[in-house]
Each structure stands twice: as C-alpha cells, then as structure tokens.
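For reference, the structure is listed below as structure tokens.
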Amino acid sequence: TLRTGFVEVSKARSDWAPNLQRPMPTFATPRRVPHGVTLIGQLFDEGTLGRVGIALERASGVAGERPPGF
C-alpha cells in the first residue's frame, strides 16, 4: 500500500455500516488526508510489485510530502 495523492475531506468516514444514532463528525475546516492504492501480485513475485510501487511513487510526486510535525 502506498500514497498516490491527497484528498480534502470535510466529514469523517467509516468503512463500517453507518450508525444512525451516532453520525460521523464533520470538521470545521477540511482536512487533507492521504489517498493510496494497494498492489497485489503473484506469489513469490515481490520484485515486480516493488518496481511498480517505486514507479507509482515517482510518478505521483508525493513520496516526500509529510504531515506537519513529522
């Protein structure tokens, strides 16, 4: 799994079923959060996944970005 960019969100989200009694919070100002992809490959072919991952990181230009304080 690697970062491929960032998105702005104004509301928290969950991949679980929504709970109508406890709605997800909204943010006063939108937050910039990382967006990523997960690569899946063939058994014992980690080299290909590594090369593809490195190429995606370079093409997206986000590998050097860090949140404030890190």
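Chain identifiers are assigned as A, B, and so on, following the order in which chains appear in the structure tokens; residues are numbered from 1 within each chain, and ligands are numbered from 1 in order of appearance.
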To test your reading of the structure, identify every residue in chain A that backbone DSSP assigns to strand (DSSP E), and report it as a ChimeraX atom specification. /A:2-11,26-37
Return as CSV the residues of stretch 13-52 of chain A lying at most 12 Å from stretch 59-70 of chain A, together with the closest atom-to-atom pair for each and the distance in Å to one decimal, counting only C-alpha atoms, with rows in chain order and ascending residue number.
```
residue,atom,partner,partner_atom,distance
A:Arg31,CA,A:Pro67,CA,11.0
A:Arg32,CA,A:Pro67,CA,9.0
A:Val33,CA,A:Pro67,CA,9.0
A:Pro34,CA,A:Val62,CA,9.4
A:His35,CA,A:Val62,CA,10.3
A:Gly36,CA,A:Ser60,CA,10.6
A:Val37,CA,A:Ser60,CA,11.6
A:Val52,CA,A:Ala59,CA,10.5
```
Keeping N, CA, C and O atoms, export the residues of the selection given above as a PDB file, in the first residue's frame.
```
ATOM      1  N   ARG A  31      -9.869  18.677   6.025  1.00  0.00           N
ATOM      2  CA  ARG A  31      -8.557  18.099   6.336  1.00  0.00           C
ATOM      3  C   ARG A  31      -7.988  17.421   5.097  1.00  0.00           C
ATOM      4  O   ARG A  31      -8.702  16.769   4.350  1.00  0.00           O
ATOM      5  N   ARG A  32      -6.705  17.567   4.913  1.00  0.00           N
ATOM      6  CA  ARG A  32      -6.001  16.953   3.791  1.00  0.00           C
ATOM      7  C   ARG A  32      -5.505  15.584   4.251  1.00  0.00           C
ATOM      8  O   ARG A  32      -4.701  15.493   5.179  1.00  0.00           O
ATOM      9  N   VAL A  33      -5.989  14.546   3.628  1.00  0.00           N
ATOM     10  CA  VAL A  33      -5.622  13.193   4.033  1.00  0.00           C
ATOM     11  C   VAL A  33      -5.029  12.435   2.852  1.00  0.00           C
ATOM     12  O   VAL A  33      -5.357  12.709   1.690  1.00  0.00           O
ATOM     13  N   PRO A  34      -4.144  11.486   3.108  1.00  0.00           N
ATOM     14  CA  PRO A  34      -3.539  10.735   2.006  1.00  0.00           C
ATOM     15  C   PRO A  34      -4.534   9.791   1.339  1.00  0.00           C
ATOM     16  O   PRO A  34      -5.446   9.268   1.971  1.00  0.00           O
ATOM     17  N   HIS A  35      -4.346   9.617   0.069  1.00  0.00           N
ATOM     18  CA  HIS A  35      -5.125   8.667  -0.727  1.00  0.00           C
ATOM     19  C   HIS A  35      -4.121   7.637  -1.216  1.00  0.00           C
ATOM     20  O   HIS A  35      -3.010   7.979  -1.606  1.00  0.00           O
ATOM     21  N   GLY A  36      -4.458   6.372  -1.185  1.00  0.00           N
ATOM     22  CA  GLY A  36      -3.487   5.352  -1.555  1.00  0.00           C
ATOM     23  C   GLY A  36      -4.069   4.230  -2.376  1.00  0.00           C
ATOM     24  O   GLY A  36      -5.276   4.144  -2.583  1.00  0.00           O
ATOM     25  N   VAL A  37      -3.169   3.384  -2.843  1.00  0.00           N
ATOM     26  CA  VAL A  37      -3.548   2.174  -3.572  1.00  0.00           C
ATOM     27  C   VAL A  37      -2.820   1.004  -2.944  1.00  0.00           C
ATOM     28  O   VAL A  37      -1.762   1.157  -2.342  1.00  0.00           O
ATOM     29  N   VAL A  52       6.918  -1.690  -9.563  1.00  0.00           N
ATOM     30  CA  VAL A  52       5.691  -0.942  -9.871  1.00  0.00           C
ATOM     31  C   VAL A  52       5.433   0.107  -8.794  1.00  0.00           C
ATOM     32  O   VAL A  52       5.086   1.254  -9.095  1.00  0.00           O
TER      33      VAL A  52
END
```
Atom CA of A:Leu2 and atom CA of A:Arg51, how far apart in Å?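 Spanning atom CA of A:Arg51 to atom CA of A:Leu2 is a straight-line distance of 12.6 Å.
Between atom CA of A:Thr38 and atom CA of A:Lys11 there is a distance of 23.4 Å.
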Leaving out A:Ala12 and any residue of its chain fewer than 5 positions from it, which residues lie within 8 Å of it when counting only C-alpha atoms, given as a list in words?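 Everything that qualifies: Met24, Pro25, Thr26 and Phe27 of chain A.
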Just list the residues in chain A DSSP gives alpha helix (DSSP H) on the backbone, as a list in words. Glu46, Gly47, Thr48, Leu49, Gly50, Arg51, Val52, Gly53, Ile54, Ala55, Leu56, Glu57, Arg58, Ala59 and Ser60 of chain A
Suppose you want the space between atom CA of A:Gly41 and atom CA of A:Gly5; what is it in Å?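 Calculated distance between atom CA of A:Gly41 and atom CA of A:Gly5 is 21.8 Å.
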Go through A:Ala28, A:Arg13, A:Glu8, A:Thr1 one by one, measure the shortest atom-to-atom distance of each to A:Leu49 using only C-alpha atoms, and give the residue with the smallest value.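 Looking at the shortest contact to A:Leu49, the residue is A:Thr1.
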